[in-house]
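Raw protein34.txt, compact mmCIF, C-alpha atoms and all ligand atoms:
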# COMPACT_ATOMS: atom_id res chain seq x y z
CA MET A 1 85.36 192.47 139.95
CA SER A 2 81.92 193.63 141.10
CA LYS A 3 79.25 194.61 138.61
CA PRO A 4 78.81 198.31 137.88
CA THR A 5 76.52 200.73 139.64
CA ASN A 6 72.92 200.84 138.37
CA LEU A 7 71.82 204.06 136.73
CA TYR A 8 68.03 204.39 136.42
CA SER A 9 66.80 207.42 134.54
CA PHE A 10 63.20 208.65 134.38
CA PRO A 11 61.51 211.36 132.34
CA SER A 12 60.40 213.24 135.46
CA VAL A 13 60.37 213.16 139.24
CA ASP A 14 56.75 211.99 139.01
CA ALA A 15 57.94 208.96 137.06
CA LEU A 16 60.94 208.39 139.34
CA ALA A 17 58.97 208.41 142.60
CA PRO A 18 57.05 205.11 142.14
CA ALA A 19 60.28 203.29 141.21
CA LEU A 20 62.05 204.71 144.25
CA ARG A 21 59.12 203.59 146.39
CA ALA A 22 59.27 200.06 144.96
CA TYR A 23 63.03 199.94 145.60
CA VAL A 24 62.73 201.18 149.21
CA ILE A 25 59.96 198.66 149.94
CA TYR A 26 62.10 195.91 148.43
CA CYS A 27 64.95 196.91 150.79
CA GLN A 28 62.48 197.19 153.69
CA GLU A 29 61.30 193.62 153.14
CA ALA A 30 64.88 192.35 152.90
CA GLY A 31 65.77 194.13 156.17
CA ILE A 32 62.72 192.76 157.98
CA THR A 33 63.55 189.27 156.76
CA ARG A 34 67.17 189.72 157.86
CA HIS A 35 66.62 191.09 161.37
CA GLY A 36 63.00 192.04 161.92
CA VAL A 37 63.47 195.77 161.32
CA PHE A 38 64.49 198.12 158.51
CA LYS A 39 67.57 200.20 159.31
CA VAL A 40 67.82 203.12 156.93
CA ALA A 41 69.87 206.31 156.94
CA VAL A 42 68.73 209.36 155.01
CA SER A 43 70.35 212.54 153.75
CA GLY A 44 69.07 216.07 153.79
CA GLY A 45 69.10 218.49 150.85
CA SER A 46 66.72 217.70 148.01
CA LEU A 47 66.24 214.04 148.96
CA PRO A 48 63.48 214.23 151.63
CA LYS A 49 61.04 215.96 149.24
CA THR A 50 61.37 213.27 146.55
CA LEU A 51 61.36 210.55 149.18
CA ALA A 52 58.14 211.95 150.62
CA GLN A 53 56.55 211.97 147.19
CA ALA A 54 57.52 208.31 146.84
CA LEU A 55 56.51 207.10 150.28
CA LEU A 56 53.39 209.14 150.97
CA ALA A 57 51.67 207.89 147.81
CA PRO A 58 48.77 205.52 148.43
CA PRO A 59 49.71 201.83 148.17
CA THR A 60 48.81 200.17 144.89
CA SER A 61 48.72 196.61 146.23
CA GLU A 62 49.11 194.62 149.44
CA ASN A 63 52.84 194.22 148.80
CA ASP A 64 53.25 197.93 148.26
CA THR A 65 53.10 198.79 151.96
CA VAL A 66 55.51 201.00 153.86
CA LYS A 67 55.74 199.29 157.26
CA TRP A 68 56.61 202.42 159.23
CA ASP A 69 56.57 200.67 162.60
CA LYS A 70 59.47 198.48 161.41
CA TRP A 71 61.59 201.46 160.35
CA GLU A 72 64.59 202.68 162.28
CA ILE A 73 65.65 205.98 160.71
CA PHE A 74 69.17 207.41 161.09
CA PHE A 75 70.81 210.43 159.47
CA ALA A 76 73.56 209.97 156.92
CA ASP A 77 74.77 213.39 157.92
CA GLU A 78 73.52 216.17 160.15
CA ARG A 79 74.32 219.77 160.74
CA ALA A 80 75.32 220.92 164.26
CA VAL A 81 72.19 222.99 164.76
CA PRO A 82 69.08 222.64 166.92
CA LEU A 83 66.50 220.20 165.58
CA ASP A 84 64.06 223.01 164.78
CA HIS A 85 66.70 225.08 162.92
CA PRO A 86 66.07 225.61 159.18
CA ASP A 87 69.42 223.87 158.42
CA SER A 88 68.59 220.70 160.37
CA ASN A 89 68.36 217.55 158.24
CA TYR A 90 66.14 216.03 160.92
CA GLY A 91 63.89 219.10 160.77
CA LEU A 92 63.71 218.80 157.00
CA LEU A 93 62.76 215.12 157.07
CA LYS A 94 60.18 215.85 159.76
CA ALA A 95 58.61 218.69 157.78
CA GLU A 96 58.66 216.90 154.43
CA LEU A 97 57.78 213.38 155.49
CA LEU A 98 57.33 212.44 159.14
CA ASP A 99 54.77 215.15 159.93
CA LYS A 100 52.79 214.15 156.84
CA LEU A 101 52.24 210.52 157.76
CA PRO A 102 48.49 209.99 157.90
CA ALA A 103 46.95 210.12 161.38
CA GLY A 104 47.08 206.74 163.08
CA THR A 105 50.15 205.58 161.13
CA PRO A 106 52.37 203.41 163.35
CA GLN A 107 55.44 205.56 163.95
CA PRO A 108 59.03 204.76 162.94
CA VAL A 109 61.88 204.98 165.43
CA VAL A 110 63.87 208.09 164.52
CA HIS A 111 67.42 208.79 165.74
CA PRO A 112 68.22 212.52 165.68
CA ILE A 113 71.51 213.91 167.00
CA ASP A 114 71.79 214.75 170.71
CA VAL A 115 71.62 218.55 170.74
CA GLU A 116 73.23 218.63 174.16
CA TYR A 117 76.57 218.31 172.33
CA LEU A 118 76.13 220.94 169.62
CA ASP A 119 79.12 222.93 170.91
CA ASP A 120 81.47 219.94 170.76
CA PRO A 121 81.48 218.42 167.23
CA GLN A 122 83.72 215.48 168.17
CA GLU A 123 81.44 214.58 171.06
CA LEU A 124 78.38 215.09 168.85
CA ALA A 125 79.83 212.57 166.39
CA ASP A 126 80.92 210.18 169.14
CA GLN A 127 77.47 210.26 170.71
CA TYR A 128 75.85 209.52 167.36
CA GLU A 129 78.29 206.68 166.85
CA GLN A 130 77.12 205.31 170.20
CA VAL A 131 73.56 205.40 168.87
CA LEU A 132 74.75 203.15 166.05
CA VAL A 133 76.69 200.94 168.46
CA ARG A 134 73.53 200.39 170.52
CA SER A 135 71.44 199.65 167.45
CA PHE A 136 73.92 197.48 165.59
CA ALA A 137 75.39 195.74 168.69
CA SER A 138 78.74 196.67 170.14
CA ARG A 139 81.70 198.01 168.19
CA ASP A 140 83.69 195.09 169.57
CA SER A 141 81.47 192.52 167.91
CA VAL A 142 80.62 194.53 164.79
CA LYS A 143 83.47 195.94 162.73
CA LEU A 144 81.14 198.23 160.83
CA PRO A 145 77.38 198.80 161.04
CA ILE A 146 75.49 197.39 158.06
CA PHE A 147 72.56 199.58 157.10
CA ASP A 148 69.82 197.92 155.08
CA LEU A 149 69.68 201.02 152.93
CA LEU A 150 71.32 204.41 152.66
CA LEU A 151 69.31 207.06 150.85
CA LEU A 152 71.78 209.67 149.68
CA GLY A 153 71.89 212.94 147.82
CA CYS A 154 74.61 214.22 145.52
CA GLY A 155 75.67 217.83 145.82
CA PRO A 156 76.58 219.87 142.72
CA ASP A 157 80.25 219.49 143.76
CA GLY A 158 79.98 215.67 144.02
CA HIS A 159 79.73 215.55 147.80
CA THR A 160 77.49 213.08 149.55
CA CYS A 161 76.59 212.88 153.24
CA SER A 162 79.00 215.56 154.54
CA LEU A 163 81.93 213.98 152.69
CA PHE A 164 83.34 216.72 150.46
CA PRO A 165 85.72 216.51 147.48
CA GLY A 166 89.38 216.45 148.51
CA HIS A 167 88.58 216.58 152.23
CA GLU A 168 90.76 214.58 154.63
CA LEU A 169 87.61 212.93 156.01
CA LEU A 170 87.55 210.79 152.87
CA ARG A 171 90.58 208.97 154.30
CA GLU A 172 88.91 208.16 157.65
CA THR A 173 89.18 204.43 158.26
CA SER A 174 88.35 204.00 161.93
CA ALA A 175 85.38 206.12 163.01
CA TRP A 176 81.82 205.25 162.02
CA VAL A 177 80.68 208.83 162.48
CA ALA A 178 83.01 211.82 162.17
CA PRO A 179 82.77 215.56 162.76
CA ILE A 180 83.58 218.14 160.10
CA GLU A 181 84.13 221.75 161.12
CA ASP A 182 85.10 223.23 157.75
CA SER A 183 82.30 222.14 155.44
CA PRO A 184 82.61 224.17 152.24
CA LYS A 185 78.81 224.25 152.11
CA PRO A 186 77.21 226.05 155.04
CA PRO A 187 76.66 225.39 157.84
CA PRO A 188 80.35 224.56 158.44
CA VAL A 189 79.93 222.28 161.45
CA ARG A 190 78.37 218.88 160.83
CA ILE A 191 78.69 215.19 161.51
CA THR A 192 78.67 212.47 158.87
CA LEU A 193 78.76 208.74 158.35
CA THR A 194 82.24 207.86 157.13
CA LEU A 195 83.06 206.32 153.75
CA PRO A 196 83.67 202.77 155.12
CA VAL A 197 80.22 202.79 156.74
CA VAL A 198 78.59 204.09 153.56
CA THR A 199 80.22 201.49 151.33
CA HIS A 200 79.41 198.70 153.82
CA ALA A 201 75.63 199.13 153.51
CA VAL A 202 73.57 196.36 151.98
CA LYS A 203 72.18 198.84 149.44
CA VAL A 204 72.87 202.47 148.62
CA ALA A 205 70.47 204.61 146.60
CA PHE A 206 71.28 208.07 145.31
CA VAL A 207 68.56 210.43 144.20
CA ALA A 208 69.65 213.28 141.94
CA THR A 209 67.29 215.38 139.88
CA GLY A 210 67.37 218.52 137.78
CA ALA A 211 69.70 219.96 135.17
CA GLY A 212 71.83 221.49 137.91
CA LYS A 213 73.33 218.04 138.55
CA LYS A 214 74.29 217.07 134.99
CA GLU A 215 77.85 218.45 134.95
CA ILE A 216 78.80 216.70 138.17
CA LEU A 217 77.07 213.45 137.14
CA LYS A 218 79.20 213.50 134.00
CA ASP A 219 82.32 213.78 136.18
CA ILE A 220 81.14 211.08 138.58
CA PHE A 221 80.11 208.53 135.96
CA GLU A 222 82.67 209.22 133.25
CA GLU A 223 85.86 210.12 135.08
CA GLY A 224 85.25 209.64 138.78
CA LYS A 225 87.89 212.25 139.66
CA GLY A 226 88.01 210.91 143.22
CA LEU A 227 84.70 212.62 143.94
CA PRO A 228 82.93 211.32 147.06
CA CYS A 229 79.94 210.05 145.05
CA ALA A 230 82.30 208.26 142.66
CA LEU A 231 84.11 206.67 145.61
CA VAL A 232 80.77 205.34 146.83
CA ASN A 233 80.05 203.94 143.36
CA GLN A 234 83.47 202.27 143.32
CA GLY A 235 83.07 200.86 146.83
CA THR A 236 79.58 199.45 146.27
CA GLY A 237 79.28 198.51 142.57
CA GLU A 238 75.97 196.84 141.83
CA ARG A 239 74.78 197.41 145.43
CA CYS A 240 74.46 201.05 144.48
CA SER A 241 71.58 202.45 142.41
CA TRP A 242 71.05 205.97 141.15
CA PHE A 243 67.53 207.29 140.66
CA VAL A 244 67.81 210.32 138.41
CA ASP A 245 65.64 212.26 136.02
CA ASN A 246 66.64 212.68 132.39
CA ALA A 247 67.61 216.31 132.97
CA ALA A 248 70.26 215.27 135.50
CA VAL A 249 71.96 212.80 133.14
CA GLU A 250 71.60 214.59 129.83
CA GLY A 251 74.88 214.07 127.94
CA VAL A 252 76.23 211.53 130.47
CA SER A 253 77.69 208.55 128.61
CA TYR A 254 77.07 205.76 131.08
CA PRO A 255 74.62 202.94 130.31
CA ARG A 256 71.18 203.41 131.82
CA ARG A 257 69.36 200.29 132.93
CA PRO A 258 65.62 199.73 132.72
CA PHE A 259 64.39 199.77 136.29
CA SER A 260 63.63 196.36 137.75
CA LEU A 261 63.99 194.78 141.16
O1 LIG A 301 74.56 219.59 152.61
C1 LIG A 301 74.00 218.62 152.17
O2 LIG A 301 73.91 218.45 150.82
C2 LIG A 301 73.73 217.16 150.24
C3 LIG A 301 73.25 217.35 148.82
O3 LIG A 301 72.09 218.19 148.81
P1 LIG A 301 71.24 218.46 147.51
O4 LIG A 301 70.28 219.55 147.92
O5 LIG A 301 72.17 218.90 146.43
O6 LIG A 301 70.50 217.22 147.19
C4 LIG A 301 72.80 216.31 151.08
O7 LIG A 301 72.74 215.01 150.55
C5 LIG A 301 73.33 216.29 152.52
O8 LIG A 301 72.56 215.46 153.34
C6 LIG A 301 73.28 217.69 153.05
O9 LIG A 301 73.72 217.79 154.39
Spell out the structure here as structure tokens.
Amino acid sequence: MSKPTNLYSFPSVDALAPALRAYVIYCQEAGITRHGVFKVAVSGGSLPKTLAQALLAPPTSENDTVKWDKWEIFFADERAVPLDHPDSNYGLLKAELLDKLPAGTPQPVVHPIDVEYLDDPQELADQYEQVLVRSFASRDSVKLPIFDLLLLGCGPDGHTCSLFPGHELLRETSAWVAPIEDSPKPPPVRITLTLPVVTHAVKVAFVATGAGKKEILKDIFEEGKGLPCALVNQGTGERCSWFVDNAAVEGVSYPRRPFSL
């Protein structure tokens, strides 16, 4: 049986951010060693702001370098809206992080959705899957893409990516990317990485902060309840790490680990 998921708790977001940075850089170096680039997928919601705080901080040593030109950035889920729409996860990451990279920073490769297909969610998902196929080699030779890191959020209902509690998409076994047209959280039409792709990643990191998350973290870590985040924990074990602040895990009886790489 695999070892349990790592739960790292910090007094504040300010204390969490340097640890998240160290973890991402560790995954970056492993990815570069593995295949010369760092393939990472990111969520929307509250994640990009904390991620930006972590990654835009000045380096503290030579090894503490974000090698942006080696990054290939994908989206763990995306809403079927134009890229400059307030609901766009790409737009959020751009505003919070990409636009704030210091002038002259070598740019990452970023893979947004193809907005030509916004009116056809299945095609939007299929086209994004093709982006993965091209990046990770063909579907024929690769059963599932293996991201170096997935950076995920956890909604107050236990959803992650656009995988919602009790939704039939949780049973998807074939597609890498799937459409959802009845998301309980607006906007209703989205695409998402599927559970097999999420659990296949080399590493998965959740970031969840604030007291608003403590009830659902209790459910996820104590009972599971088939919640999407709990399914990711079960499918990844020790490959999965949660970066939370104390407010988000107050009253959660699951062993915290001191953060180390
Ligand atoms: O709708 C979404 O919500 C989740 C969670 O967001 P948060 O604000 O509670 O952190 C996010 O991870 C996902 O990417 C987004 O589309």
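Of note, atom O8 of ligand LIG 301 (chain A) and CA of Leu151 (chain A) are spaced 9.3 Å apart.
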For the interface of chain A with ligand LIG 301 (chain A) (cut-off 9 Å, counting all atoms listed in the file), please tabulate each contacting residue of chain A alongside its nearest pair of atoms and their separation in Å to one decimal, rows sorted by chain and increasing number, as a Markdown table.
| residue | atom | partner | partner_atom | distance |
| --- | --- | --- | --- | --- |
| A:Val42 | CA | A:LIG301 | O8 | 7.4 |
| A:Ser43 | CA | A:LIG301 | O8 | 3.7 |
| A:Gly44 | CA | A:LIG301 | O8 | 3.6 |
| A:Gly45 | CA | A:LIG301 | O4 | 3.3 |
| A:Ser46 | CA | A:LIG301 | O6 | 3.9 |
| A:Leu47 | CA | A:LIG301 | O6 | 5.6 |
| A:Pro48 | CA | A:LIG301 | O6 | 8.8 |
| A:Phe75 | CA | A:LIG301 | O8 | 8.1 |
| A:Ala76 | CA | A:LIG301 | O8 | 6.6 |
| A:Asp77 | CA | A:LIG301 | O8 | 5.5 |
| A:Glu78 | CA | A:LIG301 | O9 | 6.0 |
| A:Arg79 | CA | A:LIG301 | O9 | 6.7 |
| A:Asp87 | CA | A:LIG301 | O9 | 8.5 |
| A:Ser88 | CA | A:LIG301 | O9 | 8.4 |
| A:Asn89 | CA | A:LIG301 | O9 | 6.6 |
| A:Leu151 | CA | A:LIG301 | O7 | 8.7 |
| A:Leu152 | CA | A:LIG301 | O7 | 5.5 |
| A:Gly153 | CA | A:LIG301 | O7 | 3.5 |
| A:Cys154 | CA | A:LIG301 | C3 | 4.7 |
| A:Gly155 | CA | A:LIG301 | O5 | 3.7 |
| A:Pro156 | CA | A:LIG301 | O5 | 5.8 |
| A:Asp157 | CA | A:LIG301 | O5 | 8.5 |
| A:Gly158 | CA | A:LIG301 | C3 | 8.4 |
| A:His159 | CA | A:LIG301 | C2 | 6.7 |
| A:Thr160 | CA | A:LIG301 | O7 | 5.2 |
| A:Cys161 | CA | A:LIG301 | C5 | 4.8 |
| A:Ser162 | CA | A:LIG301 | O9 | 5.7 |
| A:Leu163 | CA | A:LIG301 | C5 | 8.9 |
| A:Ser183 | CA | A:LIG301 | O1 | 8.6 |
| A:Lys185 | CA | A:LIG301 | O1 | 6.3 |
| A:Pro186 | CA | A:LIG301 | O1 | 7.4 |
| A:Pro187 | CA | A:LIG301 | O1 | 8.1 |
| A:Arg190 | CA | A:LIG301 | O9 | 8.0 |
| A:Thr192 | CA | A:LIG301 | O9 | 8.5 |
| A:Phe206 | CA | A:LIG301 | O7 | 8.8 |
| A:Val207 | CA | A:LIG301 | O6 | 7.7 |
| A:Ala208 | CA | A:LIG301 | O6 | 6.6 |
| A:Thr209 | CA | A:LIG301 | O6 | 8.2 |
| A:Gly212 | CA | A:LIG301 | O5 | 8.9 |
| A:Lys213 | CA | A:LIG301 | O5 | 8.0 |
Val40 (chain A) surroundings by all atoms listed in the file, 7 Å radius, close-in-sequence under 3 positions cut, as a ChimeraX atom specification: /A:72-74,147-150
Selected residue, from A:Val198, A:Leu98, A:Val115, A:Ala52, that lies nearest to Ala80 (chain A) when counting only C-alpha atoms: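 Once distances to Ala80 (chain A) are computed over only C-alpha atoms, the minimum belongs to A:Val115.
Across the model, the gap from CA of Thr65 (chain A) to CA of Ser241 (chain A) is 21.1 Å.
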Find the spatial neighbours of Tyr23 (chain A), counting all atoms listed in the file, within a cut-off of 12 Å - ignore same-chain residues fewer than 2 positions away - and output them as a compact mmCIF listing (two decimals) with C-alpha atoms, in the frame of the given file.
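Ended up saving to part.txt:
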# COMPACT_ATOMS: atom_id res chain seq x y z
CA TYR A 8 68.03 204.39 136.42
CA LEU A 16 60.94 208.39 139.34
CA ALA A 17 58.97 208.41 142.60
CA PRO A 18 57.05 205.11 142.14
CA ALA A 19 60.28 203.29 141.21
CA LEU A 20 62.05 204.71 144.25
CA ARG A 21 59.12 203.59 146.39
CA ILE A 25 59.96 198.66 149.94
CA TYR A 26 62.10 195.91 148.43
CA CYS A 27 64.95 196.91 150.79
CA GLN A 28 62.48 197.19 153.69
CA GLU A 29 61.30 193.62 153.14
CA ALA A 30 64.88 192.35 152.90
CA LEU A 51 61.36 210.55 149.18
CA ALA A 54 57.52 208.31 146.84
CA LEU A 55 56.51 207.10 150.28
CA ASP A 64 53.25 197.93 148.26
CA THR A 65 53.10 198.79 151.96
CA VAL A 66 55.51 201.00 153.86
CA ASP A 148 69.82 197.92 155.08
CA LEU A 149 69.68 201.02 152.93
CA LEU A 150 71.32 204.41 152.66
CA LEU A 151 69.31 207.06 150.85
CA LYS A 203 72.18 198.84 149.44
CA VAL A 204 72.87 202.47 148.62
CA ALA A 205 70.47 204.61 146.60
CA PHE A 206 71.28 208.07 145.31
CA VAL A 207 68.56 210.43 144.20
CA CYS A 240 74.46 201.05 144.48
CA SER A 241 71.58 202.45 142.41
CA TRP A 242 71.05 205.97 141.15
CA PHE A 243 67.53 207.29 140.66
CA PHE A 259 64.39 199.77 136.29
CA SER A 260 63.63 196.36 137.75
CA LEU A 261 63.99 194.78 141.16
Using all atoms listed in the file, what residues lie at most 8 Å away from (79.5, 212.2, 127.3) (file coordinates), given as a ChimeraX atom specification? /A:218,222,251-254
In Å, with one decimal, what is the gap from CA of Phe164 (chain A) to CA of Val142 (chain A)?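 If I compute the distance from CA of Phe164 (chain A) to CA of Val142 (chain A), I get 26.6 Å.
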Padded axis-aligned box of region 80-83 of chain A (8 Å per side), centre and edge lengths, Å, one decimal, as AutoDock Vina command-line options:
--center_x 70.9 --center_y 221.6 --center_z 165.6 --size_x 24.8 --size_y 18.8 --size_z 18.7
I'd like to know which of A:Ala178, A:Ala41, A:Ile32, A:Val24 is closest to Gln122 (chain A), using all atoms listed in the file.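 For Gln122 (chain A), the nearest of the candidates is A:Ala178.
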Considering only C-alpha atoms, state which residue in the set A:Leu217, A:Val37, A:Leu101, A:Ile146 is at the smallest distance from Leu193 (chain A). A:Ile146
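Minimum atom-to-atom distance to Gly237 (chain A), evaluated using only C-alpha atoms, belongs to A:Ala201 out of A:Lys225, A:Ala211, A:Ala201, A:Pro106.
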